[in-house]
Amino acid sequence: MEKLISKYFVEGKTFSLAEYEQDGGYQAIRKALEMKREDIIETVKKSNLRGLGGAGFPTGMKWSFIPQNTGKPVYLVINGDEGEPGTFKDKYILRHAPHLFLEGVMIASVANNVHKAYVYIRGEYVKPIQILKKAIEEATAKGYLGDKIFGKDYKLEIVVHRGAGAYICGEETGLLESLEGKKGQPRLKPPFPAVVGLFGCPTVINNVETVSYLSFILNRGPEWFAGLGSEKNGGMRLISLSGHVRNPGVYELPLGFSLRKLIYEVGGGIPDDKKLKAVVPGGLSAAILSPEEIDVGLDFDQLRNLKTMAGSGGVIVFDETTDLVKALTVTMRFYAHESCGQCSPCREGTGWIYRILKRILEGKGRLEDLNNMADICAYMGGTTICALADGAAMPLRSYPQKFRKEFEDYIQNKEKQLQTV
Amino acid sequence: MPDIVEKKPEEQKPKMVKLKVDGKEVEVKPGTRLIEAARMTQEDVPYYCYHPGLSIAGNCRMCQVEIEGIPKLQIACHMEAKDGMVVHTKNDKVLKTRQHMLEFLLVNHPVDCPVCDQAGECWLQDYYMKHGLHDSRVNEDKVSKPKAVPIGPNVMLDAERCILCSRCVRFTDEISKTHELGIVGRGDHSEIQVFPGKQLNNLYSGNVVDICPVGALTDRDFRFKIRVWYLKSGDSVCGGCSRGCNIQVHTNLDRPQHGTGRVKRLKPRYNAEVNQWWMCDAGRYDYKYHDENRVLAARKNAAQAFEETVLKEIAAKLKASKKTAVILSPQMTNEELYLARKLFRDELKLQHIYLASPKKDGFSDDILIKADKNPNRKGAENLGFTETPEKFESLFGLSAKGEVDGWIIFGQDLLSLYPKAREVFSKLNWSLFIGSNENETSKLAGFVLPSATSVEKDGTWTNFDGRTQAFRKVLEPAGEAKSEIHFLAQLGALVSSGWSAQTAEAVYQDLAAKEKSFPARSYADLSGTASAIRVQAAPTVPSLQQYDNIL
């Protein structure tokens with residue numbers, strides 16, 4: 001299988017500007033600068049490139065929503081917060097191929113008439129941030145960024161902003177608030193960021209990985225890219241594979257790649273040949289899949305049909321030894337900790353659920369807890385400003401639904417244990 | 001301050017938006033929020049964070065309604081009404097969601113109603129009775145947070161009771177623009193705090209207590225004085241400055257054991273054009289004089305006397321000599337000034353009638369507070385009384401020379417305000433103080449008549465804007481106090497024929513017929529909206545009828 005982004009993932013190596021150019025880099029942006037803005041958007045639309053941060057929104061369509069006649073500048077904001085547990089792909093791109101990413105930022109900027117782009121990166125990514133800053137210096141020195149990029153009459157500045165460790169700042173409007181120096185809390189929509197975004201101006205928000213594919217699309221054509229993936233899901237994406245597999249890591253696979261193959265072929269199967277218990281297919285917020293459900297293609301539409309999501313491409317594998325009650329408790333602790341606290345269902349619900357689960361773990365669970373949790377969960381999702389509560393509701397609904405026996409056993413056996421004590 | 005009442009140019013009437021709320025057709029202006037559109041059909045969409053005077057936060061999620069064609073429920077405070085929308089505010093899905101939202105809000109709420117000052121006017125209690133009525137499913141420990149934290153001179157914070165609606169934060173950001181409050185922490189550990197080194201001590205801090213829908217922010221002045229369901233409420237107008245904020249006076253008469261003082265607190269009353277939902281702290285906490293240090297009976301030479309005796313003796317003096325000076329003030333009502341003009345200027349033809357302010361100009365801002373601390377200067381001016389300090393101070397020379405030998409003082413403490421007045425006061429033949437509260441002047445005046453305070457009488461004041469506002473008697477006057485209207489009419493009857501006792505409203509009708517600058521309308525019409533702020537946005541007095549059905 002051909003590698004696109006991941007061919008740069010050479011252990012211990014960062015491709016410098018010279019090395020990247022030697023490899024054919026910075027040609028796509030030169031091409032883009034000769035193209036009409038609308039044509040670039042049309043090309044991206046044809047490529048079926050989807051937002052790879054998690055929502056899977058068609059990138060070209062997103063760009064076409066940006067109003068260009070408001071008299072205000074249009075901003076590009078790159079989301080590199082990469083907060084979804086189980087996801088660690090953007091880090092690889094920034095660390096190994098900063099110029100591939102920068103070229104993508106440049107293309108997205110040109111396509112949207114952007115002259116100032118912000119890159120918001122997870123605060124813990126100290127090394128990748130240093131690498132990216134150095135790459136920006138290199139590009140500026142070369143005249144690839146600045147007042148006249150590539151000698152053309154086009155100004156572009158890229159600002160790197162370091163996050164401060166909140167999951168919710170990966171939500172696009174929470175990210176904008178944080179970028180503006182405010183408390184990271186999602187905004188009420190509408191208005192959507194495309195119209196009123198950063199500093200009240202129209203704003204394009206794209207993921208690090210999404211823009212990193214742009215140069216390939218421009219160089220080799222949208223049809224080629226679209227052909228790599230499955231229907232309406234163009235190209236490749238980086239899958240972060242972790243958990244109980246022999247070869248965890250980041251793998252670049254075409255959209256629609258079989259989950260079973262990912263685990264047993266790419267990932268090398270489960271250590272000690274243990275049995276598979278469950279898989280999280282798209283970051284922690286995705287509903288869990290049982291072993292019977294893994295014959296599915298990893299793309300946005302197929303996984304949605306299974307009532308889960310492709311999300312950020314973080315696949316976490318659980319083998320038969322995994323205590324799913326504990327796993328769900330840890331998961332819910334995360335959401336309780338990361339809920340921004342604005343909306344009552346999420347603020348109160350995530351914490352409440354976590355405390356119920358903790359009680360079950362302590363051996364004080366009751367069977368009605370399971371029904372209560374399902375009911376609470378039903379009203380936590382879909383009732384809030386942002387999708388954090390939905391993200392919490394997905395695992396919360398699916399774990400006890402698909403593995404109810406495990407939860408029941410936990411409650412009943414612990415009761416028995418307590419009685420014997 | 002933001003202009004709530006939309007004064008749009010008349011040439012372009014916006015096309016109205018037609019929608020259906022629970023099967024009823026509603027027509028609203030474009031841009032109207034669904035929550036307001038639903039209000040027009042009398043449907044009560046519950047909410048905590050929404051406040052028509054503040055920006056939309058959309059965080060309490062109580063006001064979710066179903067809109068046909070949109071799969072998820074939408075918050076009615078944020079959704080704008082659109083043509084052809086079909087909205088359901090009370091179908092099963094909505095009611096069920098509402099109940100769950102309320103349950104979420106109560107998960108970490110301490111439910112310490114028995115010791116909470118908000119009990120009785122708490123939106124959690126009200127909505128629980130109306131939309132909740134569920135059994136608690138919370139078997140977990142609640143998150144503990146600081147309780148009884150004084151965050152400013154007037155406000156006490158109980159972070160556990162807080163539902164984090166952020167109304168108070170938005171108030172300090174958008175209305176007082178003082179930015180003292182913020183929400184710190186995340187998830188269910190979020191709590192309201194004052195920023196480090198700050199205090200909630202702005203000039204409007206009391207308003208956050210009004211708009212706090214729960215017992216998180218309580219009034220340090222009012223806390224634990226009395227249970228709110230013992231309070232009675234009357235509409236009035238604040239006399240603290242020339243703005244004339246519409247207020248409610250909350251009083252306790254039935255439970256004397258709940259501390260001294262009949263007036264327990266003042267609350268703003270909604271008036272779109274005067275004060276909207278707000279009032280300043282200076283006005284809010286200036287109510288103790290209604291119950292303290294009152295002149296309770298008529299006096300002659302410092303000894304209690306019959307009111308008739310005093311009035312007769314004064315009438316005799318007025319008839320005997322024209323050397324009397326009358327000192328009016330812009331604290332008096334239009335009716336009092338009008339009757340005083342009729343009696344002293346038209347009837348008795350007195351030469352020395354003055355208008356003097358007991359309160360000097362002070363602080364002002366562009367929110368509510370006006371520099372002129374007198375409520376009725378405009379009304380006095382409309383009646384021909386303007387204040388000229390030089391002219392007024394010439395009174396002291398005239399009195400020293402004996403050209404004036406008697407003073408009638410309305411309410412103010414002339415002797416403390418003017419050292420020269422004190423010098424000549426002993427040279428006067430006689431003096432009359434008509435006022436509600438004791439001061440240096442009342443102690444030294446030969447005659448004293450006890451008058452009612454503004455909450456004990458009817459009247460009108462004309463504010464800085466020229467708006468004449470009526471206020472009604474909320475309490476019976478203390479002791480033997482009576483309104484100035486009464487004393488003036490009595491004096492009139494004693495010095496001349498054709499005078500009889502009149503109600504303030506009748507005096508006003510008479511006055512409005514003669515003076516063009518006063519609108520010829522009834523008191524009811526001049527009293528602004530009678531609706532409590534609660535109906536508009538903030539909790540004030542509980543409606544007892546609401547509970548009658550339950551008890």
# chains A, B, ... in the order shown; residues from 1 in each chain; ligands from 1

call {"tool": "closest_atom_pairs", "arguments": {"of": "chain B", "to": "chain A", "cutoff": "10 Å", "atoms": "only C-alpha atoms", "output": "JSON lines"}}
result
{"residue": "B:Ile56", "atom": "CA", "partner": "A:Leu188", "partner_atom": "CA", "distance": 8.6}
{"residue": "B:Ala57", "atom": "CA", "partner": "A:Leu188", "partner_atom": "CA", "distance": 7.5}
{"residue": "B:Gly58", "atom": "CA", "partner": "A:Leu188", "partner_atom": "CA", "distance": 7.0}
{"residue": "B:Asn59", "atom": "CA", "partner": "A:Cys343", "partner_atom": "CA", "distance": 4.3}
{"residue": "B:Cys60", "atom": "CA", "partner": "A:Ser344", "partner_atom": "CA", "distance": 5.5}
{"residue": "B:Arg61", "atom": "CA", "partner": "A:Cys343", "partner_atom": "CA", "distance": 6.7}
{"residue": "B:Met62", "atom": "CA", "partner": "A:Ser344", "partner_atom": "CA", "distance": 9.0}
{"residue": "B:Gln64", "atom": "CA", "partner": "A:Thr383", "partner_atom": "CA", "distance": 8.1}
{"residue": "B:Pro71", "atom": "CA", "partner": "A:Gly382", "partner_atom": "CA", "distance": 9.7}
{"residue": "B:Lys72", "atom": "CA", "partner": "A:Gly382", "partner_atom": "CA", "distance": 6.5}
{"residue": "B:Leu73", "atom": "CA", "partner": "A:Thr383", "partner_atom": "CA", "distance": 7.1}
{"residue": "B:Gln74", "atom": "CA", "partner": "A:Thr383", "partner_atom": "CA", "distance": 7.9}
{"residue": "B:Ile75", "atom": "CA", "partner": "A:Thr383", "partner_atom": "CA", "distance": 8.7}
{"residue": "B:His78", "atom": "CA", "partner": "A:Leu188", "partner_atom": "CA", "distance": 8.2}
{"residue": "B:Met79", "atom": "CA", "partner": "A:Pro190", "partner_atom": "CA", "distance": 8.8}
{"residue": "B:Lys96", "atom": "CA", "partner": "A:Tyr379", "partner_atom": "CA", "distance": 9.1}
{"residue": "B:Thr97", "atom": "CA", "partner": "A:Tyr379", "partner_atom": "CA", "distance": 6.7}
{"residue": "B:Arg98", "atom": "CA", "partner": "A:Tyr379", "partner_atom": "CA", "distance": 9.6}
{"residue": "B:Gln99", "atom": "CA", "partner": "A:Tyr379", "partner_atom": "CA", "distance": 9.9}
{"residue": "B:His100", "atom": "CA", "partner": "A:Tyr379", "partner_atom": "CA", "distance": 6.7}
{"residue": "B:Met101", "atom": "CA", "partner": "A:Pro345", "partner_atom": "CA", "distance": 6.2}
{"residue": "B:Leu102", "atom": "CA", "partner": "A:Ser344", "partner_atom": "CA", "distance": 8.7}
{"residue": "B:Glu103", "atom": "CA", "partner": "A:Pro345", "partner_atom": "CA", "distance": 8.8}
{"residue": "B:Phe104", "atom": "CA", "partner": "A:Glu348", "partner_atom": "CA", "distance": 5.6}
{"residue": "B:Leu105", "atom": "CA", "partner": "A:Ser344", "partner_atom": "CA", "distance": 6.0}
{"residue": "B:Leu106", "atom": "CA", "partner": "A:Glu348", "partner_atom": "CA", "distance": 8.5}
{"residue": "B:Val107", "atom": "CA", "partner": "A:Glu348", "partner_atom": "CA", "distance": 6.5}
{"residue": "B:Asn108", "atom": "CA", "partner": "A:Glu348", "partner_atom": "CA", "distance": 7.2}
{"residue": "B:Arg137", "atom": "CA", "partner": "A:Asn372", "partner_atom": "CA", "distance": 7.8}
{"residue": "B:Val138", "atom": "CA", "partner": "A:Trp352", "partner_atom": "CA", "distance": 8.0}
{"residue": "B:Asn139", "atom": "CA", "partner": "A:Ile356", "partner_atom": "CA", "distance": 7.9}
{"residue": "B:Glu140", "atom": "CA", "partner": "A:Arg355", "partner_atom": "CA", "distance": 6.4}
{"residue": "B:Asp141", "atom": "CA", "partner": "A:Arg355", "partner_atom": "CA", "distance": 8.1}
{"residue": "B:Lys142", "atom": "CA", "partner": "A:Trp352", "partner_atom": "CA", "distance": 8.8}
{"residue": "B:Val143", "atom": "CA", "partner": "A:Gly351", "partner_atom": "CA", "distance": 9.2}
{"residue": "B:Ile163", "atom": "CA", "partner": "A:Ser344", "partner_atom": "CA", "distance": 7.8}
{"residue": "B:Leu164", "atom": "CA", "partner": "A:Gln342", "partner_atom": "CA", "distance": 7.4}
{"residue": "B:Cys165", "atom": "CA", "partner": "A:Gln342", "partner_atom": "CA", "distance": 8.0}
{"residue": "B:Ser166", "atom": "CA", "partner": "A:Gln342", "partner_atom": "CA", "distance": 8.8}
{"residue": "B:Gly182", "atom": "CA", "partner": "A:Lys183", "partner_atom": "CA", "distance": 10.0}
{"residue": "B:Ile183", "atom": "CA", "partner": "A:Gly341", "partner_atom": "CA", "distance": 9.1}
{"residue": "B:Val184", "atom": "CA", "partner": "A:Lys183", "partner_atom": "CA", "distance": 9.0}
{"residue": "B:Gly185", "atom": "CA", "partner": "A:Gly341", "partner_atom": "CA", "distance": 8.0}
{"residue": "B:Arg186", "atom": "CA", "partner": "A:Cys340", "partner_atom": "CA", "distance": 4.9}
{"residue": "B:Gly187", "atom": "CA", "partner": "A:Gly341", "partner_atom": "CA", "distance": 3.9}
{"residue": "B:Asp188", "atom": "CA", "partner": "A:Arg347", "partner_atom": "CA", "distance": 5.1}
{"residue": "B:His189", "atom": "CA", "partner": "A:Gly341", "partner_atom": "CA", "distance": 7.8}
{"residue": "B:Ser190", "atom": "CA", "partner": "A:Gly341", "partner_atom": "CA", "distance": 6.1}
{"residue": "B:Glu191", "atom": "CA", "partner": "A:Gly341", "partner_atom": "CA", "distance": 9.1}

call {"tool": "write_last_selection", "arguments": {"atoms": "N, CA and C atoms", "output": "short mmCIF file (atom, residue, chain, number, x, y, z; two decimals), in the first residue's frame"}}
result
data_model
loop_
_atom_site.label_atom_id
_atom_site.label_comp_id
_atom_site.auth_asym_id
_atom_site.auth_seq_id
_atom_site.Cartn_x
_atom_site.Cartn_y
_atom_site.Cartn_z
N ILE B 56 -27.59 36.17 25.77
CA ILE B 56 -28.07 34.79 25.86
C ILE B 56 -26.90 33.87 26.22
N ALA B 57 -27.08 33.06 27.25
CA ALA B 57 -26.02 32.12 27.62
C ALA B 57 -26.38 30.71 27.19
N GLY B 58 -27.65 30.37 27.26
CA GLY B 58 -28.10 29.06 26.78
C GLY B 58 -27.53 27.89 27.55
N ASN B 59 -27.26 28.04 28.84
CA ASN B 59 -26.61 26.94 29.54
C ASN B 59 -27.50 26.12 30.45
N CYS B 60 -28.65 26.65 30.87
CA CYS B 60 -29.44 25.88 31.84
C CYS B 60 -30.22 24.77 31.15
N ARG B 61 -30.52 24.95 29.89
CA ARG B 61 -31.19 23.95 29.04
C ARG B 61 -32.61 23.64 29.48
N MET B 62 -33.20 24.49 30.29
CA MET B 62 -34.56 24.25 30.76
C MET B 62 -35.59 24.56 29.68
N GLN B 64 -35.83 24.02 26.56
CA GLN B 64 -35.84 23.27 25.29
C GLN B 64 -37.27 23.00 24.83
N PRO B 71 -34.66 17.58 14.33
CA PRO B 71 -34.72 16.36 15.15
C PRO B 71 -34.46 16.60 16.64
N LYS B 72 -33.45 17.43 16.93
CA LYS B 72 -33.13 17.64 18.35
C LYS B 72 -34.00 18.77 18.90
N LEU B 73 -34.25 18.73 20.21
CA LEU B 73 -34.93 19.86 20.85
C LEU B 73 -34.01 21.07 20.79
N GLN B 74 -34.61 22.24 20.75
CA GLN B 74 -33.82 23.47 20.66
C GLN B 74 -34.14 24.37 21.85
N ILE B 75 -33.16 25.17 22.26
CA ILE B 75 -33.43 26.06 23.39
C ILE B 75 -34.18 27.29 22.88
N HIS B 78 -32.61 30.93 22.63
CA HIS B 78 -31.62 31.27 21.61
C HIS B 78 -32.22 31.22 20.20
N MET B 79 -33.18 30.32 20.01
CA MET B 79 -33.78 30.12 18.69
C MET B 79 -34.64 31.33 18.32
N LYS B 96 -40.71 15.73 29.38
CA LYS B 96 -39.80 14.73 29.93
C LYS B 96 -38.38 15.31 30.02
N THR B 97 -37.99 15.99 28.96
CA THR B 97 -36.65 16.58 28.94
C THR B 97 -36.51 17.63 30.04
N ARG B 98 -37.54 18.44 30.16
CA ARG B 98 -37.56 19.48 31.17
C ARG B 98 -37.35 18.90 32.57
N GLN B 99 -38.07 17.80 32.80
CA GLN B 99 -37.97 17.15 34.10
C GLN B 99 -36.54 16.66 34.34
N HIS B 100 -35.94 16.13 33.27
CA HIS B 100 -34.57 15.64 33.42
C HIS B 100 -33.58 16.79 33.62
N MET B 101 -33.82 17.90 32.94
CA MET B 101 -32.91 19.05 33.11
C MET B 101 -32.96 19.51 34.56
N LEU B 102 -34.16 19.53 35.11
CA LEU B 102 -34.33 19.97 36.49
C LEU B 102 -33.64 18.98 37.43
N GLU B 103 -33.74 17.71 37.07
CA GLU B 103 -33.07 16.71 37.90
C GLU B 103 -31.57 16.94 37.89
N PHE B 104 -31.02 17.25 36.71
CA PHE B 104 -29.58 17.53 36.62
C PHE B 104 -29.22 18.71 37.52
N LEU B 105 -30.05 19.75 37.47
CA LEU B 105 -29.73 20.95 38.26
C LEU B 105 -29.75 20.65 39.75
N LEU B 106 -30.50 19.64 40.13
CA LEU B 106 -30.62 19.34 41.55
C LEU B 106 -29.63 18.28 42.03
N VAL B 107 -28.86 17.69 41.09
CA VAL B 107 -27.95 16.61 41.48
C VAL B 107 -27.02 17.05 42.61
N ASN B 108 -26.41 18.20 42.44
CA ASN B 108 -25.48 18.66 43.46
C ASN B 108 -26.04 19.80 44.31
N ARG B 137 -33.07 10.34 42.53
CA ARG B 137 -32.36 9.10 42.21
C ARG B 137 -30.89 9.25 42.59
N VAL B 138 -30.59 10.35 43.28
CA VAL B 138 -29.18 10.62 43.60
C VAL B 138 -28.80 9.92 44.89
N ASN B 139 -27.99 8.89 44.77
CA ASN B 139 -27.52 8.17 45.95
C ASN B 139 -26.07 8.53 46.26
N GLU B 140 -25.56 9.45 45.47
CA GLU B 140 -24.13 9.77 45.59
C GLU B 140 -23.92 10.96 46.52
N ASP B 141 -22.69 11.11 46.99
CA ASP B 141 -22.33 12.31 47.74
C ASP B 141 -22.39 13.50 46.81
N LYS B 142 -22.80 14.64 47.34
CA LYS B 142 -22.83 15.85 46.52
C LYS B 142 -21.47 16.53 46.59
N VAL B 143 -21.19 17.31 45.56
CA VAL B 143 -19.93 18.06 45.54
C VAL B 143 -20.06 19.20 46.55
N ILE B 163 -26.68 27.31 40.48
CA ILE B 163 -26.90 26.45 39.32
C ILE B 163 -26.10 26.92 38.12
N LEU B 164 -25.19 27.86 38.36
CA LEU B 164 -24.24 28.33 37.35
C LEU B 164 -24.91 28.85 36.07
N CYS B 165 -26.01 29.57 36.27
CA CYS B 165 -26.72 30.12 35.11
C CYS B 165 -25.95 31.29 34.53
N SER B 166 -25.03 31.86 35.30
CA SER B 166 -24.15 32.95 34.87
C SER B 166 -24.86 34.29 34.70
N GLY B 182 -16.72 35.81 38.07
CA GLY B 182 -16.39 34.85 37.02
C GLY B 182 -16.71 33.46 37.52
N ILE B 183 -16.76 32.52 36.57
CA ILE B 183 -16.94 31.12 36.96
C ILE B 183 -15.59 30.45 36.85
N VAL B 184 -15.12 29.89 37.95
CA VAL B 184 -13.83 29.21 37.91
C VAL B 184 -14.06 27.72 38.06
N GLY B 185 -13.10 26.96 37.59
CA GLY B 185 -13.22 25.51 37.67
C GLY B 185 -14.01 24.97 36.51
N ARG B 186 -14.04 23.64 36.41
CA ARG B 186 -14.71 23.00 35.30
C ARG B 186 -15.69 21.96 35.82
N GLY B 187 -16.56 21.51 34.93
CA GLY B 187 -17.50 20.43 35.27
C GLY B 187 -18.29 20.77 36.51
N ASP B 188 -18.58 19.74 37.32
CA ASP B 188 -19.40 20.03 38.50
C ASP B 188 -18.59 20.67 39.63
N HIS B 189 -17.36 20.99 39.36
CA HIS B 189 -16.58 21.77 40.33
C HIS B 189 -16.55 23.25 39.97
N SER B 190 -17.29 23.63 38.95
CA SER B 190 -17.36 25.05 38.59
C SER B 190 -18.03 25.81 39.72
N GLU B 191 -17.55 27.00 39.97
CA GLU B 191 -18.25 27.84 40.93
C GLU B 191 -18.03 29.31 40.65
#

call {"tool": "residues_around", "arguments": {"residues": "Val249 (chain B)", "least_positions_apart": "2", "cutoff": "8 Å", "atoms": "only C-alpha atoms", "output": "PyMOL selection string"}}
result
chain B and resi 233-236+247+251+263-267+455+474

call {"tool": "residues_around", "arguments": {"residues": "Leu33 (chain A)", "least_positions_apart": "4", "cutoff": "8 Å", "atoms": "only C-alpha atoms", "output": "ChimeraX atom specification"}}
result
/A:29,110,152

call {"tool": "select_by_dssp", "arguments": {"residues": "region 257-392 of chain B", "states": "strand (DSSP E or B)", "output": "list in words"}}
result
Val263, Lys264, Arg265, Leu266, Lys267, Pro268, Asn271, Gln276, Arg294, Arg299, Lys300, Ala303, Gln304, Thr324, Ala325, Val326, Ile327, Leu328, His352, Ile353, Tyr354 and Leu355 of chain B

call {"tool": "select_by_dssp", "arguments": {"residues": "region 46-166 of chain A", "states": "helix (DSSP H, G or I)", "output": "ChimeraX atom specification"}}
result
/A:46,59-64,89-96,98-112,126-141,149-151

call {"tool": "write_last_selection", "arguments": {"atoms": "C-alpha atoms", "output": "short mmCIF file (atom, residue, chain, number, x, y, z; two decimals), in the first residue's frame"}}
result
data_model
loop_
_atom_site.label_atom_id
_atom_site.label_comp_id
_atom_site.auth_asym_id
_atom_site.auth_seq_id
_atom_site.Cartn_x
_atom_site.Cartn_y
_atom_site.Cartn_z
CA LYS A 46 -14.09 16.43 -5.84
CA THR A 59 -13.71 19.90 3.70
CA GLY A 60 -14.48 21.51 0.35
CA MET A 61 -18.07 22.14 1.37
CA LYS A 62 -16.91 23.69 4.64
CA TRP A 63 -14.74 26.10 2.68
CA SER A 64 -17.55 27.05 0.37
CA LYS A 89 -1.55 11.12 14.78
CA ASP A 90 -1.15 14.92 14.58
CA LYS A 91 1.87 14.65 16.83
CA TYR A 92 3.53 12.40 14.23
CA ILE A 93 2.82 14.81 11.40
CA LEU A 94 4.16 17.81 13.28
CA ARG A 95 7.19 15.94 14.49
CA HIS A 96 8.23 14.32 11.23
CA PRO A 98 6.21 19.96 9.56
CA HIS A 99 6.68 21.29 6.02
CA LEU A 100 4.09 18.95 4.58
CA PHE A 101 1.70 20.39 7.15
CA LEU A 102 2.79 23.97 6.46
CA GLU A 103 2.22 23.51 2.75
CA GLY A 104 -1.28 22.31 3.58
CA VAL A 105 -1.87 25.40 5.71
CA MET A 106 -0.69 27.55 2.82
CA ILE A 107 -3.02 25.87 0.33
CA ALA A 108 -6.00 26.13 2.68
CA SER A 109 -5.16 29.80 3.25
CA VAL A 110 -4.92 30.59 -0.44
CA ALA A 111 -8.16 28.72 -1.10
CA ASN A 112 -10.00 30.80 1.48
CA VAL A 126 6.34 20.53 23.52
CA LYS A 127 8.65 18.94 20.97
CA PRO A 128 6.24 19.13 18.01
CA ILE A 129 5.61 22.80 18.82
CA GLN A 130 9.35 23.52 18.79
CA ILE A 131 9.73 21.66 15.52
CA LEU A 132 6.85 23.50 13.90
CA LYS A 133 8.13 26.88 15.05
CA LYS A 134 11.53 26.08 13.59
CA ALA A 135 9.91 25.00 10.33
CA ILE A 136 7.99 28.29 10.17
CA GLU A 137 11.28 30.15 10.64
CA GLU A 138 12.83 28.13 7.81
CA ALA A 139 9.88 28.84 5.52
CA THR A 140 9.87 32.53 6.39
CA ALA A 141 13.61 32.81 5.73
CA ILE A 149 5.03 34.19 -0.50
CA PHE A 150 6.82 32.39 -3.32
CA GLY A 151 7.39 35.80 -4.86
#

call {"tool": "residues_around", "arguments": {"residues": "Thr172 (chain B)", "least_positions_apart": "2", "cutoff": "10 Å", "atoms": "only C-alpha atoms", "output": "number ranges by chain"}}
result
B: 167-170, 174-182, 200, 202, 204-205, 207-208

call {"tool": "write_last_selection", "arguments": {"atoms": "N, CA and C atoms", "output": "tab-separated table (two decimals), in the first residue's frame"}}
result
chain	number	residue	atom	x	y	z
B	167	ARG	N	-26.09	34.40	35.20
B	167	ARG	CA	-26.75	35.70	35.11
B	167	ARG	C	-25.96	36.80	35.83
B	168	CYS	N	-25.45	36.48	37.04
B	168	CYS	CA	-24.73	37.50	37.82
B	168	CYS	C	-23.45	37.91	37.10
B	169	VAL	N	-22.79	36.91	36.49
B	169	VAL	CA	-21.55	37.22	35.77
B	169	VAL	C	-21.86	38.15	34.60
B	170	ARG	N	-22.94	37.81	33.89
B	170	ARG	CA	-23.31	38.64	32.74
B	170	ARG	C	-23.76	40.02	33.20
B	174	GLU	N	-22.11	43.15	31.64
B	174	GLU	CA	-22.86	43.89	30.62
B	174	GLU	C	-23.61	45.10	31.15
B	175	ILE	N	-24.04	45.07	32.38
B	175	ILE	CA	-24.85	46.18	32.90
B	175	ILE	C	-24.00	47.09	33.79
B	176	SER	N	-23.45	46.55	34.87
B	176	SER	CA	-22.63	47.41	35.73
B	176	SER	C	-21.26	47.62	35.10
B	177	LYS	N	-20.89	46.73	34.20
B	177	LYS	CA	-19.59	46.78	33.49
B	177	LYS	C	-18.42	46.86	34.46
B	178	THR	N	-18.54	46.16	35.58
B	178	THR	CA	-17.49	46.22	36.58
B	178	THR	C	-16.68	44.92	36.65
B	179	HIS	N	-17.18	43.85	36.03
B	179	HIS	CA	-16.41	42.61	35.86
B	179	HIS	C	-15.79	42.06	37.15
B	180	GLU	N	-16.58	41.93	38.20
B	180	GLU	CA	-15.99	41.36	39.42
B	180	GLU	C	-16.13	39.85	39.48
B	181	LEU	N	-17.14	39.32	38.75
B	181	LEU	CA	-17.47	37.91	38.94
B	181	LEU	C	-17.04	37.04	37.77
B	182	GLY	N	-16.72	35.81	38.07
B	182	GLY	CA	-16.39	34.85	37.02
B	182	GLY	C	-16.71	33.46	37.52
B	200	LEU	N	-17.38	42.31	45.26
B	200	LEU	CA	-18.56	42.71	44.50
B	200	LEU	C	-19.13	43.96	45.18
B	202	ASN	N	-19.79	47.06	43.49
B	202	ASN	CA	-20.18	48.11	42.57
B	202	ASN	C	-21.48	48.76	43.03
B	204	TYR	N	-24.28	48.80	41.83
B	204	TYR	CA	-25.52	48.09	41.46
B	204	TYR	C	-25.51	46.65	41.97
B	205	SER	N	-24.66	46.37	42.93
B	205	SER	CA	-24.42	44.97	43.29
B	205	SER	C	-25.68	44.24	43.74
B	207	ASN	N	-28.49	44.07	42.52
B	207	ASN	CA	-29.26	43.47	41.42
B	207	ASN	C	-28.94	42.01	41.19
B	208	VAL	N	-27.71	41.60	41.51
B	208	VAL	CA	-27.38	40.19	41.26
B	208	VAL	C	-28.22	39.29	42.17
